[in-house]
Structures are given as C-alpha cells and as structure tokens.
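**Q** File follows, protein_36.pdb with PDB, C-alpha atoms:
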```pdb
ATOM      1  CA  MET A  13      97.310 -12.096 169.726
ATOM      2  CA  GLU A  14      97.827  -9.443 167.039
ATOM      3  CA  GLU A  15      95.873 -11.559 164.544
ATOM      4  CA  ARG A  16      92.889 -11.673 166.906
ATOM      5  CA  PHE A  17      93.030  -7.911 167.333
ATOM      6  CA  GLU A  18      92.884  -7.454 163.570
ATOM      7  CA  ILE A  19      89.959  -9.884 163.308
ATOM      8  CA  LEU A  20      88.133  -8.155 166.171
ATOM      9  CA  SER A  21      88.758  -4.725 164.625
ATOM     10  CA  ARG A  22      87.489  -5.800 161.216
ATOM     11  CA  MET A  23      84.405  -7.457 162.701
ATOM     12  CA  VAL A  24      83.549  -4.476 164.911
ATOM     13  CA  TRP A  25      84.083  -2.100 161.993
ATOM     14  CA  GLY A  26      81.855  -4.276 159.775
ATOM     15  CA  VAL A  27      79.045  -4.401 162.335
ATOM     16  CA  HIS A  28      79.403  -0.663 162.974
ATOM     17  CA  GLY A  29      79.115   0.085 159.243
ATOM     18  CA  ASN A  30      75.995  -2.055 158.930
ATOM     19  CA  VAL A  31      74.399  -0.465 162.003
ATOM     20  CA  GLN A  32      75.088   2.992 160.526
ATOM     21  CA  LYS A  33      73.400   1.955 157.244
ATOM     22  CA  LEU A  34      70.394   0.651 159.173
ATOM     23  CA  LYS A  35      70.167   3.889 161.190
ATOM     24  CA  VAL A  36      70.137   5.887 157.961
ATOM     25  CA  GLN A  37      67.468   3.575 156.513
ATOM     26  CA  ILE A  38      65.051   4.017 159.426
ATOM     27  CA  ALA A  39      65.910   7.719 159.685
ATOM     28  CA  GLU A  40      64.960   8.282 156.042
ATOM     29  CA  GLU A  41      61.645   6.495 156.631
ATOM     30  CA  LEU A  42      60.960   8.797 159.597
ATOM     31  CA  GLY A  43      62.197  11.991 157.924
ATOM     32  CA  ILE A  44      64.999  12.570 160.439
ATOM     33  CA  LYS A  45      68.798  12.270 160.432
ATOM     34  CA  GLY A  46      70.703   9.119 161.339
ATOM     35  CA  ALA A  47      72.201  10.968 164.315
ATOM     36  CA  HIS A  48      68.683  11.357 165.749
ATOM     37  CA  VAL A  49      67.858   7.652 165.779
ATOM     38  CA  PHE A  50      69.915   6.618 168.797
ATOM     39  CA  LEU A  51      69.001   9.769 170.734
ATOM     40  CA  ILE A  52      65.312   8.938 170.301
ATOM     41  CA  TYR A  53      66.015   5.306 171.188
ATOM     42  CA  LEU A  54      67.834   6.379 174.366
ATOM     43  CA  LEU A  55      65.045   8.734 175.419
ATOM     44  CA  ARG A  56      62.551   5.890 174.923
ATOM     45  CA  ASN A  57      64.414   3.923 177.584
ATOM     46  CA  TYR A  58      64.437   6.896 179.989
ATOM     47  CA  PRO A  59      60.842   8.228 180.068
ATOM     48  CA  LYS A  60      61.731  10.725 182.830
ATOM     49  CA  GLY A  61      64.210  12.285 180.406
ATOM     50  CA  LEU A  62      67.937  12.715 180.021
ATOM     51  CA  THR A  63      70.141  15.785 180.209
ATOM     52  CA  ALA A  64      72.454  16.778 177.371
ATOM     53  CA  ALA A  65      75.402  15.554 179.450
ATOM     54  CA  GLU A  66      73.779  12.137 179.902
ATOM     55  CA  LEU A  67      73.013  11.944 176.182
ATOM     56  CA  CYS A  68      76.673  12.789 175.465
ATOM     57  CA  ASP A  69      77.920  10.024 177.739
ATOM     58  CA  MET A  70      75.464   7.382 176.562
ATOM     59  CA  ASN A  71      75.950   8.235 172.887
ATOM     60  CA  SER A  72      79.720   8.817 173.115
ATOM     61  CA  SER A  73      79.161  12.191 171.453
ATOM     62  CA  THR A  74      80.444  15.704 171.902
ATOM     63  CA  SER A  75      78.378  18.369 173.617
ATOM     64  CA  GLY A  76      78.352  20.386 170.387
ATOM     65  CA  LEU A  77      76.804  17.516 168.438
ATOM     66  CA  ILE A  78      74.197  16.850 171.125
ATOM     67  CA  SER A  79      73.345  20.557 171.295
ATOM     68  CA  ARG A  80      72.830  20.755 167.513
ATOM     69  CA  GLU A  81      70.811  17.541 167.323
ATOM     70  CA  THR A  82      68.589  18.272 170.345
ATOM     71  CA  SER A  83      67.906  21.749 168.918
ATOM     72  CA  GLU A  84      66.762  20.153 165.671
ATOM     73  CA  LEU A  85      64.662  17.529 167.475
ATOM     74  CA  LEU A  86      63.036  20.316 169.520
ATOM     75  CA  ARG A  87      62.299  22.235 166.308
ATOM     76  CA  LEU A  88      60.787  19.116 164.712
ATOM     77  CA  GLY A  89      58.569  18.528 167.761
ATOM     78  CA  VAL A  90      60.130  15.143 168.511
ATOM     79  CA  ILE A  91      61.395  16.095 171.979
ATOM     80  CA  THR A  92      60.633  18.741 174.552
ATOM     81  CA  ALA A  93      62.649  20.237 177.393
ATOM     82  CA  ASP A  94      61.157  19.609 180.826
ATOM     83  CA  LYS A  95      59.390  22.510 182.481
ATOM     84  CA  GLU A  96      60.824  21.815 185.942
ATOM     85  CA  SER A  97      64.291  22.975 184.948
ATOM     86  CA  ASP A  98      65.093  26.640 185.102
ATOM     87  CA  ARG A  99      64.481  28.691 181.959
ATOM     88  CA  ARG A 100      67.877  27.915 180.464
ATOM     89  CA  ARG A 101      68.173  24.707 178.466
ATOM     90  CA  TYR A 102      71.487  23.834 180.120
ATOM     91  CA  GLY A 103      70.807  21.107 182.641
ATOM     92  CA  CYS A 104      67.235  20.491 181.521
ATOM     93  CA  LYS A 105      65.967  17.020 180.773
ATOM     94  CA  TYR A 106      64.829  16.174 177.288
ATOM     95  CA  LEU A 107      61.695  14.075 176.927
ATOM     96  CA  LEU A 108      59.944  12.527 173.956
ATOM     97  CA  THR A 109      56.757  14.147 172.708
ATOM     98  CA  GLU A 110      53.852  12.081 171.389
ATOM     99  CA  LYS A 111      55.462  12.344 167.939
ATOM    100  CA  GLY A 112      58.767  11.241 169.472
ATOM    101  CA  TRP A 113      57.150   8.222 171.158
ATOM    102  CA  GLU A 114      55.672   7.133 167.825
ATOM    103  CA  MET A 115      59.098   7.424 166.186
ATOM    104  CA  ALA A 116      60.664   5.536 169.090
ATOM    105  CA  ARG A 117      58.132   2.725 168.653
ATOM    106  CA  ARG A 118      58.943   2.458 164.959
ATOM    107  CA  ILE A 119      62.687   2.508 165.656
ATOM    108  CA  SER A 120      62.259  -0.196 168.312
ATOM    109  CA  ASP A 121      60.127  -2.364 165.994
ATOM    110  CA  PHE A 122      62.779  -2.000 163.288
ATOM    111  CA  ALA A 123      65.577  -2.852 165.748
ATOM    112  CA  VAL A 124      63.733  -5.992 166.912
ATOM    113  CA  GLU A 125      63.159  -7.033 163.292
ATOM    114  CA  VAL A 126      66.871  -6.639 162.506
ATOM    115  CA  GLN A 127      67.875  -8.373 165.736
ATOM    116  CA  HIS A 128      65.714 -11.378 164.894
ATOM    117  CA  PHE A 129      67.057 -11.551 161.343
ATOM    118  CA  VAL A 130      70.714 -11.471 162.374
ATOM    119  CA  SER A 131      70.508 -13.718 165.441
ATOM    120  CA  ASP A 132      67.605 -16.170 165.079
ATOM    121  CA  ASP A 133      69.888 -19.016 163.983
ATOM    122  CA  ILE A 134      72.163 -18.548 167.019
ATOM    123  CA  PRO A 135      71.200 -20.489 170.161
ATOM    124  CA  LYS A 136      70.129 -18.178 173.015
ATOM    125  CA  GLU A 137      72.840 -19.564 175.292
ATOM    126  CA  GLU A 138      75.565 -18.753 172.757
ATOM    127  CA  LEU A 139      74.151 -15.280 172.241
ATOM    128  CA  ALA A 140      74.161 -14.679 176.012
ATOM    129  CA  VAL A 141      77.824 -15.770 176.207
ATOM    130  CA  PHE A 142      78.669 -13.550 173.231
ATOM    131  CA  TYR A 143      77.139 -10.441 174.834
ATOM    132  CA  ARG A 144      78.799 -11.130 178.197
ATOM    133  CA  THR A 145      82.148 -11.676 176.501
ATOM    134  CA  PHE A 146      81.817  -8.653 174.253
ATOM    135  CA  GLY A 147      80.811  -6.562 177.274
ATOM    136  CA  THR A 148      83.871  -7.752 179.151
ATOM    137  CA  LEU A 149      86.077  -6.858 176.175
ATOM    138  CA  LEU A 150      84.530  -3.369 176.079
ATOM    139  CA  ASP A 151      85.063  -2.942 179.825
ATOM    140  CA  ASN A 152      88.689  -4.044 179.484
ATOM    141  CA  PHE A 153      89.286  -1.691 176.541
ATOM    142  CA  ASP A 154      87.698   1.091 178.612
ATOM    143  CA  LYS A 155      90.056   0.358 181.503
ATOM    144  CA  TYR A 156      93.051   0.282 179.185
ATOM    145  CA  THR A 157      92.140   3.570 177.462
ATOM    146  CA  GLY A 158      90.671   5.325 180.508
ATOM    147  CA  GLN A 159      87.274   5.565 178.785
ATOM    148  CA  LYS A 160      84.165   5.350 180.949
ATOM    149  CA  HIS A 161      80.683   4.207 179.924
ATOM    150  CA  LEU A 162      77.567   4.797 182.009
ATOM    151  CA  VAL A 163      76.219   1.315 181.278
ATOM    152  CA  ASP A 164      77.817  -1.859 182.604
ATOM    153  CA  PHE A 165      77.238  -4.162 179.661
ATOM    154  CA  THR A 166      78.500  -7.260 181.490
ATOM    155  CA  THR A 167      75.806  -7.104 184.174
ATOM    156  CA  GLN A 168      73.101  -5.790 181.846
ATOM    157  CA  ASN A 169      73.205  -8.915 179.666
ATOM    158  CA  LYS A 170      73.603 -11.684 182.243
ATOM    159  CA  GLU A 171      69.955 -12.736 182.145
ATOM    160  CA  LYS A 172      69.460 -12.142 178.418
TER     161      LYS A 172
END
```
Rewrite the structure from the file as structure tokens, please.

**A**
Amino acid sequence: MEERFEILSRMVWGVHGNVQKLKVQIAEELGIKGAHVFLIYLLRNYPKGLTAAELCDMNSSTSGLISRETSELLRLGVITADKESDRRRYGCKYLLTEKGWEMARRISDFAVEVQHFVSDDIPKEELAVFYRTFGTLLDNFDKYTGQKHLVDFTTQNKEK
C-alpha cells in the first residue's frame, strides 16, 4: 500500500504543479495574479455572491489571504461587495462586476480548452469512474485528517 501512496502523491503533486502553471498563464493574460483565478472562477459559479468565509472554505485558503486578494480584486474593479450587507465588509458577499464576468468567461474558456486537451482520448465512462474514485479518496482523506470541504465531489460527478 505504501507504494500506491507514493504514486498517488507524485501524481497529485504533478497535476497540482501543472494546474498552478496554467493559472499563472491565464492570470498573466488577464493582468491579474494566479491567486485571483480560482476566486473569479468560484464567483462565476455563485452569481449571488460568496462571503469571505465561503471563499476561504472553497479555496482552502486563510482568511488573511482572502482578505488581501479580495481587496485587490475590489481595487481592480473585478468584484464588488454587495450593497445589502451592512457597511462593514465583514460578512458581505462578493460579486463579479462586468469586468469580472468577462475575466470569468475567459478563464472558463481556457479551462475547457485544457480539459479537452488532457482528457479527450479518455472514454467518458472511464473519466466518470476516475472522478468518482478520486472524490471518494478525497472524502476518505478528509475523514482521516478531520478536514472538511463544502463540496461533495462524489455526488457532484456522478452524472458527468
């Protein structure tokens, strides 16, 4: 079993490294930081907005990092804080601006392009099994370590 763990670790680390390089590539094209890419991508999937706490949980980030990055995205005009919250930013929901939606579209188009490139030669059925299995592994690692994710990857990918 130890050999499988090493293989899994190396594969996950390799994919993670490539994803980071791709985030930097699209970020440079958009004139933002790599750390902004996934935040914009998340907000695209939640048009009613997300709080800083939700962004922390979904991005597995610290509150300090999210605070710094949302401040920069606000300054760049990529996101806005909802007006229905009280005047403090704590607890407010962040939403994409028109500029943010355009960036999100470009990020999504890039992600789909990469996804097609890396998985087009894999049968859909095998890909579905892979995502279910990988989701189960993540859930089991979460249980073992006490980590908690807001998204249940095993149910999210059953139909995909």

**Q** For Glu66 in chain A, which residue out of A:Met23, A:Cys104, A:Leu88, A:Met115 is the nearest one, using all atoms listed in the file?

**A** A:Cys104

**Q** Can you measure CA of Met70 in chain A to CA of Leu54 in chain A for me? One decimal in Å is fine.

**A**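 Interatomic distance, CA of Met70 in chain A to CA of Leu54 in chain A: 8.0 Å.
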
**Q** I'd like to know which of A:Ile91, A:Tyr58, A:Arg22, A:Leu149 is closest to Lys111 in chain A, using all atoms listed in the file.

**A** A:Ile91

**Q** Please measure the separation of CA of Arg16 in chain A and CA of Ala140 in chain A, giving the value in Å to one decimal.

**A**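 So the answer is 21.0 Å.
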
**Q** Using CA of Ile52 in chain A and CA of Ile119 in chain A as the two end points, give the distance in Å to one decimal.

**A**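 Computed distance, CA of Ile52 in chain A to CA of Ile119 in chain A, equals 8.4 Å.
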
**Q** Once the PyMOL selection byres ((chain A and resi 38) around 12) has been applied to the shown file, what residues remain in the selection, as a ChimeraX atom specification?

**A** /A:31-37,39-50,52-53,115-123,125-126

**Q** Rank A:Val141, A:Asn152, A:Thr82, A:Gln159 by their smallest atom-to-atom distance to Leu108 in chain A, using all atoms listed in the file, and report the top residue only.

**A** A:Thr82

**Q** Write out N, CA and C atoms for range 23-50 of chain A, as a short mmCIF file (atom, residue, chain, number, x, y, z; two decimals), in the coordinates of the input.

**A**
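Heads up, here's the output in part13.cif:
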```cif
data_model
loop_
_atom_site.label_atom_id
_atom_site.label_comp_id
_atom_site.auth_asym_id
_atom_site.auth_seq_id
_atom_site.Cartn_x
_atom_site.Cartn_y
_atom_site.Cartn_z
N MET A 23 85.78 -7.05 162.40
CA MET A 23 84.40 -7.46 162.70
C MET A 23 83.62 -6.30 163.32
N VAL A 24 84.23 -5.61 164.27
CA VAL A 24 83.55 -4.48 164.91
C VAL A 24 83.28 -3.40 163.86
N TRP A 25 84.26 -3.12 163.02
CA TRP A 25 84.08 -2.10 161.99
C TRP A 25 82.97 -2.51 161.02
N GLY A 26 82.91 -3.79 160.66
CA GLY A 26 81.86 -4.28 159.78
C GLY A 26 80.47 -4.14 160.39
N VAL A 27 80.33 -4.54 161.65
CA VAL A 27 79.04 -4.40 162.34
C VAL A 27 78.68 -2.92 162.46
N HIS A 28 79.65 -2.10 162.84
CA HIS A 28 79.40 -0.66 162.97
C HIS A 28 78.90 -0.07 161.65
N GLY A 29 79.53 -0.42 160.55
CA GLY A 29 79.11 0.08 159.24
C GLY A 29 77.69 -0.33 158.91
N ASN A 30 77.35 -1.58 159.20
CA ASN A 30 76.00 -2.06 158.93
C ASN A 30 74.97 -1.37 159.83
N VAL A 31 75.31 -1.17 161.09
CA VAL A 31 74.40 -0.46 162.00
C VAL A 31 74.17 0.97 161.51
N GLN A 32 75.23 1.63 161.05
CA GLN A 32 75.09 2.99 160.53
C GLN A 32 74.15 3.00 159.32
N LYS A 33 74.29 2.04 158.42
CA LYS A 33 73.40 1.96 157.24
C LYS A 33 71.96 1.75 157.68
N LEU A 34 71.75 0.91 158.68
CA LEU A 34 70.39 0.65 159.17
C LEU A 34 69.81 1.89 159.84
N LYS A 35 70.64 2.65 160.58
CA LYS A 35 70.17 3.89 161.19
C LYS A 35 69.73 4.88 160.12
N VAL A 36 70.50 4.98 159.05
CA VAL A 36 70.14 5.89 157.96
C VAL A 36 68.84 5.42 157.30
N GLN A 37 68.68 4.11 157.14
CA GLN A 37 67.47 3.58 156.51
C GLN A 37 66.22 3.95 157.31
N ILE A 38 66.23 3.70 158.61
CA ILE A 38 65.05 4.02 159.43
C ILE A 38 64.88 5.53 159.55
N ALA A 39 65.99 6.26 159.60
CA ALA A 39 65.91 7.72 159.68
C ALA A 39 65.23 8.30 158.45
N GLU A 40 65.59 7.80 157.28
CA GLU A 40 64.96 8.28 156.04
C GLU A 40 63.46 8.00 156.04
N GLU A 41 63.07 6.83 156.55
CA GLU A 41 61.64 6.50 156.63
C GLU A 41 60.90 7.46 157.55
N LEU A 42 61.58 7.92 158.60
CA LEU A 42 60.96 8.80 159.60
C LEU A 42 61.14 10.28 159.28
N GLY A 43 61.96 10.59 158.28
CA GLY A 43 62.20 11.99 157.92
C GLY A 43 63.11 12.72 158.89
N ILE A 44 64.04 11.97 159.50
CA ILE A 44 65.00 12.57 160.44
C ILE A 44 66.40 12.18 159.99
N LYS A 45 67.41 12.62 160.73
CA LYS A 45 68.80 12.27 160.43
C LYS A 45 69.20 11.02 161.21
N GLY A 46 70.19 10.31 160.66
CA GLY A 46 70.70 9.12 161.34
C GLY A 46 71.16 9.41 162.76
N ALA A 47 71.73 10.59 162.98
CA ALA A 47 72.20 10.97 164.32
C ALA A 47 71.06 11.05 165.32
N HIS A 48 69.84 11.24 164.85
CA HIS A 48 68.68 11.36 165.75
C HIS A 48 68.19 10.00 166.24
N VAL A 49 68.45 8.96 165.49
CA VAL A 49 67.86 7.65 165.78
C VAL A 49 68.23 7.16 167.17
N PHE A 50 69.51 7.15 167.50
CA PHE A 50 69.92 6.62 168.80
C PHE A 50 69.50 7.54 169.94
#
```
